[in-house]
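Visitor: To start, I am sharing the structure in question, which I have written as structure tokens.
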Amino acid sequence: MLKVNICFRKRTRFPGSYKGCRSLHVTKLLSSVEKFSSYDPVAVEKDWYKVWEKDGIFTPDLSKDIDPSNVFCIPAPPPNVTGALHIGHALTISLQDSLIRYNRMLGKTVLFLPGFDHAGIATQSIVEKQLYKKEHKTRYDYGREQFIDQVWDWKNVYHARIKDQIKKMGGSYDWSREAFTLDPKLSDAVTEAFVRLHDEGIIYRDSKLINWCVKLNTAISNLEVENKEIQGKTLIKVPNYDKPVTFGVITSIAYEVVNADGTTTGEKLIISTTRPETIFGDTAIAVHPDDIRYKHLHEKYVKHPLLDKTIPIIQDKDAVDMEFGTGAVKITPAHDLNDYNCGKRHNLPFVNIFTDDGFLNENCGDNWKGIRRFDARNKVIQVLKEKCLLVGEKEHSMTIPICSRSGDIIEPLLKPQWWVSQETMAKEAIKVVRDNKIKIQPTHSREEYFRWLQKIDDWCISRQLWWGHRCPVYFINVEGISNPKMRSDNKYWVAGRNIEEAKEKALRRFPNSIFELEQDTDVLDTWFSSALWPFSTLGWPKKTKDIDTFYPVSLLETGWDILFFWVARMIIMGVKLTGSVPFQEVFCHPLVRDAQGRKMSKSLGNVVDPVDVINGASLQSLQEKLVNGNLDQREIRIATKGLKVSYPNGIPQCGTDALRFALCSYTSNDSSNDINLDIKKVETYRKFCNKMYQATNFALLKVTSESLITTRKIVNEHQSINEKYILSKMNETSKKVAIAFESRHFMNVTDSIYQFWYQICDHYIEFFKFISKTGSVEEIRSAEMTLITVLDNALRMIHPMMPFISEQLWQKLPIVKDTKSICLAPYPVYDQKISNALDEPAKMFGQVLDVISESRGILNQYNILKNGKIFIEINDLKLKTIVEKESNYIKSSVKMSIDPLVITDKKEDIPEGCVSKSVNSLISIHLLVKGQIKDIKGDIEKLQKKIVKLNKKYQAFLSIVNNENYAKASTTVRDSNNKAIKDLLTQIETFQMTVNNLHKEL
């Protein structure tokens, strides 16, 4: 049997420390907030986090024996140290911390592991922008070491800022285990992983096509590429160009057909391209092998329009769509992914025509070398026109790849890089999910995971940056051997945990040679270190207590948009390097958009900073943030207008608890839709916080009993049926919440708790006021104990989502506390014995509440605010007895003058001139309106319309139950349908009775 420890206090006495649990700083904190008569989120949330940290509540105790089945661990997805958290981070923290706090209260050994990501490209590009803006210097002006020092300075400032934001959000992280991807421990893990995989041949060197950002001078991943769809001719601003560049135009070019010996055939082959500047890299023209238009051109060549060379006409069914354009396409293998694959199939030359800085190189000829790529576009078109080889230009829809970090147009380039071979490892990663060693939710994310891994390509992990993990691999510069292709050849590279290990490997490879080792200047893709996160943070490759206790971690929670870039890679690396899955479960939350469903973007002015929601922000302060950010003047002007539309009155102060609860309330376990965040909803939950605050303070003022109760059963002989009802709802809610938490259905968690709090505030407290005036000493005492009990449980239930206000109010409750914080208090759990004892009377009393609600409704409907004559007809003796016993409470709760209130089981007791309303098949309410209704005809018409609608529903149910296959339906379904039919008939009969009575009044 569940027992609750409670004590009661005098109205004027502030609760002291119970069982020595409350510390002095907690008592002082409570006293400082006591002066506020209404809820103030700033006052409530100001200091609790410091108290929790000081008391060491977030650090798991590993000194005792730990049951592996009673461990719960989440490694927090590390935010980038690039400025500040956004609302998506707030969602992540809210969901994860709710699960962490819930499991901690269940008594598990819990670890919420915090950390930060160095975010190579993002951080370096921001620092470079800032340095140029302030000092007009580039990283090359500083040199590698001094520039990295500048980045560390940036990191330290924004790391601290983000950490403060996380604490403000209430994230209950164990900060003693805080990790950063460039920490020595994690850097050692990166080196270990690279060396192992390189030695095994999984990491290898090769020249392949990559996404190249000219502005940043580095390869970037697909995640950093934004694909912009344009429908036709469009001017786009490109970094380092004074004027916008034209895109969305397709150019048709004539290539002269020649024989193998170079003699002309007099024929021209027309091709179309959106990138005429790449013409210098053409190494073939492709046609479809089945295209009858070009059968005669097989084995022929074309003369290059601008260079002194010929290129072959090849046949390729994959590279050519016969129905599109002329059915002939230029093949530029070194600058287009499709062309790259075609070039591989036909063993074509791969000609790189661009420098890393975006200029044409020597392969374009002396007349063209040194021209910028988009300037070359215009010049190429001009020269083709002069040569009469320009057929025409027209608008064309296309996709433009843009670097999300710099705004530059991505240039596909062929470069030697480090690659991870993923196909074999991906099969293992698929298997562990198919075998349910890892559960992925929602289902559509699981299916997306499979789709990605089944068509996986090798992973480019080289980045031409300075900020990050420098590749632990060394080029063996052998004396007497000089070949440009050597740096693309694995034979001349060795990986090492240090230079000594690299030298040993090089000596074994070239035992009789003189050589020097040069460490690669590139750094690793940030996602490489992130892929090791679940185990590098716990001490891998060392065998640590944390690894033994928490690995594999319980849950990885993140946004669905990085399912492939991060989650899949963690599974691949975890299985490969540790021999185990890295986590047991993955939950992918939706993305947060604005109230109109638009993606949040600084340039749109609709980005929500969680701190602005917590503290509130004026429109002016929001606009000032834009000016101080990284946007250019044009973007600032657009974003300023967007802010005026999205937040014309600024953002109201809502507090952390309201924000967390709102974000959780949007999230289900099966939704494929993103979250359209409306600040008004957050504001609603701020008002809900005030309701909780006022309800608890009311109890603290009204509960006057003094004797200390050390043990008490939830069920006792003095409880009224009203108390049994609220205690049953409390028990039922704990069951719903547990199911919702375990299934990650946060929407159901918040909805169930929210409804229970409203039952306390809108129903039970009203009963408490009634019984305080009319009840005996024993009844009042029992009602007081129940009030404190349900408030205690309700605060513990809501704590995972609303940590601050729940701690504040729970500490003030006059109950014996065995823990110093609600964080460590037991979470309310469902008790079948309580259900057996209370559910039946609670169900009966629920109908009493329905009587109150419907009585209030019918009195309002007919605007009878005093001296209402109500007759309650009940066709169940037991229920009639209960309603009679609660008649005074019913009259009090309706809050309108009722005289008389007649409870009967006989129709003849119902006088003529009544209107009627059915509560259910057992209860009907009749209100005497004779002589008090002005528009009787109007009311008759309304009731007849209702009868028609109810009859349609009734007929629909009849068609279901009369179906020949209805016998196959479950007993539960049939019972539910029978009840619905019975209730519908009662409603129809009741409304018809009212119509008949009203007709008599005409």
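How things are named: the first chain in the structure tokens is A, the next is B, and so on; residues count from 1 in each chain; ligands count from 1 in the order shown.
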Give me the residues near A:Thr994 as an MDAnalysis selection string, where near means some atom within 9 Å (using only C-alpha atoms) and where sequence neighbours in that chain fewer than 6 positions away do not count.
Guide: chainID A and resid 913:917 926 940 943
Visitor: Give me the stretch 121-189 of chain A side of the contact with stretch 95-104 of chain A, cut-off 10 Å, one line per residue showing its nearest atom pair and distance in Å at one decimal, counting only C-alpha atoms, sorted by chain and residue number, as a Markdown table.
Guide:
```
| residue | atom | partner | partner_atom | distance |
| --- | --- | --- | --- | --- |
| A:Met169 | CA | A:Asp97 | CA | 9.4 |
| A:Gly170 | CA | A:Asp97 | CA | 7.9 |
| A:Gly171 | CA | A:Asp97 | CA | 5.6 |
| A:Ser172 | CA | A:Asp97 | CA | 6.4 |
| A:Tyr173 | CA | A:Asp97 | CA | 8.3 |
```
Visitor: With N, CA and C atoms retained, export the selected residues as a PDB file, in the first residue's frame.
Guide:
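Result file is result11.pdb:
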```
ATOM      1  N   MET A 169      17.895  26.850 -18.853  1.00  0.00           N
ATOM      2  CA  MET A 169      16.854  25.933 -19.315  1.00  0.00           C
ATOM      3  C   MET A 169      16.600  24.806 -18.313  1.00  0.00           C
ATOM      4  N   GLY A 170      17.427  24.719 -17.257  1.00  0.00           N
ATOM      5  CA  GLY A 170      17.198  23.715 -16.223  1.00  0.00           C
ATOM      6  C   GLY A 170      17.779  22.351 -16.510  1.00  0.00           C
ATOM      7  N   GLY A 171      18.646  22.244 -17.536  1.00  0.00           N
ATOM      8  CA  GLY A 171      19.224  20.952 -17.867  1.00  0.00           C
ATOM      9  C   GLY A 171      20.035  20.378 -16.715  1.00  0.00           C
ATOM     10  N   SER A 172      19.645  19.204 -16.225  1.00  0.00           N
ATOM     11  CA  SER A 172      20.284  18.649 -15.022  1.00  0.00           C
ATOM     12  C   SER A 172      21.482  17.776 -15.387  1.00  0.00           C
ATOM     13  N   TYR A 173      22.482  18.409 -16.018  1.00  0.00           N
ATOM     14  CA  TYR A 173      23.692  17.728 -16.462  1.00  0.00           C
ATOM     15  C   TYR A 173      24.658  17.513 -15.300  1.00  0.00           C
TER      16      TYR A 173
END
```
Visitor: One decimal, in Å: what's the spacing between atom CA of A:Glu635 and atom CA of A:Asp408?
Guide: 15.4 Å
Visitor: Residues within 12 Å of A:Phe991, please, as a count of residues only. Count only C-alpha atoms; anything in the same chain fewer than 4 positions from it doesn't count.
Guide: 30
Visitor: Do you know which residues are at most 7 Å from stretch 481-498 of chain A counting only C-alpha atoms, after dropping those on the same chain fewer than 5 positions away, and could you put them as an MDAnalysis selection string?
Guide: chainID A and resid 191:192 195 198 204:207 416 472:476 505:506
Visitor: Name the residues of stretch 671-744 of chain A that fall into alpha helix (DSSP H) according to DSSP on the backbone, using the chain letters and numbers of this document, as a PyMOL selection string.
Guide: chain A and resi 679-702+721-742
Visitor: Compile the contact shell of A:Met600 as a list in words: residues with an atom at most 10 Å away, counting only C-alpha atoms, same-chain residues fewer than 6 positions apart removed.
Guide: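 Listing them by chain and then by number gives His86, Ile87, Gly88, Leu591, Val592, Arg593, Asp594, Asn606, Val607 and Val608 of chain A.
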Visitor: Next, write the just-selected residues to a file, as a PDB file, in the first residue's frame, keeping N, CA and C atoms as the atom set.
Guide:
```
ATOM      1  N   HIS A  86      19.551  28.057 -29.934  1.00  0.00           N
ATOM      2  CA  HIS A  86      18.294  28.487 -30.537  1.00  0.00           C
ATOM      3  C   HIS A  86      17.165  27.618 -29.994  1.00  0.00           C
ATOM      4  N   ILE A  87      15.963  27.831 -30.481  1.00  0.00           N
ATOM      5  CA  ILE A  87      14.793  27.163 -29.912  1.00  0.00           C
ATOM      6  C   ILE A  87      14.831  25.652 -30.148  1.00  0.00           C
ATOM      7  N   GLY A  88      15.530  25.220 -31.219  1.00  0.00           N
ATOM      8  CA  GLY A  88      15.691  23.780 -31.438  1.00  0.00           C
ATOM      9  C   GLY A  88      16.491  23.136 -30.317  1.00  0.00           C
ATOM     10  N   LEU A 591      11.426  19.184 -36.114  1.00  0.00           N
ATOM     11  CA  LEU A 591      12.099  20.479 -36.155  1.00  0.00           C
ATOM     12  C   LEU A 591      11.109  21.569 -35.737  1.00  0.00           C
ATOM     13  N   VAL A 592      11.634  22.648 -35.204  1.00  0.00           N
ATOM     14  CA  VAL A 592      10.795  23.751 -34.753  1.00  0.00           C
ATOM     15  C   VAL A 592      10.734  24.826 -35.836  1.00  0.00           C
ATOM     16  N   ARG A 593       9.514  25.175 -36.222  1.00  0.00           N
ATOM     17  CA  ARG A 593       9.287  26.252 -37.178  1.00  0.00           C
ATOM     18  C   ARG A 593       8.508  27.362 -36.485  1.00  0.00           C
ATOM     19  N   ASP A 594       8.280  28.464 -37.190  1.00  0.00           N
ATOM     20  CA  ASP A 594       7.512  29.540 -36.562  1.00  0.00           C
ATOM     21  C   ASP A 594       6.020  29.232 -36.649  1.00  0.00           C
ATOM     22  N   ASN A 606      12.615  35.500 -37.939  1.00  0.00           N
ATOM     23  CA  ASN A 606      11.661  34.720 -37.143  1.00  0.00           C
ATOM     24  C   ASN A 606      12.344  33.736 -36.201  1.00  0.00           C
ATOM     25  N   VAL A 607      13.665  33.865 -36.056  1.00  0.00           N
ATOM     26  CA  VAL A 607      14.391  32.997 -35.134  1.00  0.00           C
ATOM     27  C   VAL A 607      13.999  33.339 -33.695  1.00  0.00           C
ATOM     28  N   VAL A 608      13.771  32.298 -32.899  1.00  0.00           N
ATOM     29  CA  VAL A 608      13.404  32.503 -31.496  1.00  0.00           C
ATOM     30  C   VAL A 608      14.568  32.083 -30.611  1.00  0.00           C
TER      31      VAL A 608
END
```
Visitor: Quick one: residues within 9 Å of A:Met730, only C-alpha atoms, excluding same-chain residues fewer than 4 positions away - as a count of residues only?
Guide: 10
Visitor: When you count only C-alpha atoms, which of these residues is closest to A:Asp308: A:Lys439, A:Asp525, A:Phe280, A:Tyr754?
Guide: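 When distances to A:Asp308 are compared using only C-alpha atoms, the smallest one comes from A:Phe280.
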Visitor: DSSP on the backbone: which residues in stretch 364-408 of chain A end up as strand (DSSP E or B)? Give the answer as a list of chain:residue names.
Guide: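 Matching residues for strand (DSSP E or B) in stretch 364-408 of chain A are A:Arg372, A:Leu390, A:Val391, A:Gly392, A:Glu393, A:Lys394, A:Glu395, A:Met398, A:Thr399, A:Ile400, A:Pro401, A:Ile402, A:Cys403.
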Visitor: Compare A:Asp174, A:Asp850, A:Asp899, A:Asp188 by their minimum atom-to-atom distance to A:Pro541, counting only C-alpha atoms, and give me the closest one.
Guide: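 Answer, going by the shortest atom-to-atom distance: A:Asp188.
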Visitor: Need to verify the contact set: A:Val586, 12 Å, only C-alpha atoms, exclusion of same-chain residues closer than 3 positions in sequence. Can you return it as a VMD selection string?
Guide: chain A and resid 74 to 75 96 433 436 to 443 445 to 446 449 553 to 560 562 to 563 566 to 568 570 to 571 581 to 583 589 669 743 to 744
Visitor: Which is closest to A:Ile250 among A:Val391, A:Val575, A:Leu958, A:Leu209, if we use only C-alpha atoms?
Guide: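 So, comparing all the options, the nearest one is A:Val391.
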Visitor: Calculate how many Å separate atom CA of A:Gln519 from atom CA of A:Arg470, rounding to one decimal.
Guide: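 Spanning atom CA of A:Gln519 to atom CA of A:Arg470 is a straight-line distance of 8.4 Å.
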Visitor: Under the rule that only C-alpha atoms are counted, which of A:Asp55, A:Glu854, A:Glu624, A:Asp183 is the nearest residue to A:His118?
Guide: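 Of all the options, A:Asp183 lies closest to A:His118.
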Visitor: What does the distance between atom CA of A:Ala695 and atom CA of A:Thr667 come to in Å, to one decimal place?
Guide: 27.4 Å
Visitor: Taking into account only C-alpha atoms, which residue in the set A:Phe374, A:Tyr666, A:Phe698, A:Tyr255 is nearest to A:Val238?
Guide: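 Of A:Phe374, A:Tyr666, A:Phe698, A:Tyr255, the one nearest A:Val238, counting only C-alpha atoms, is A:Phe374.
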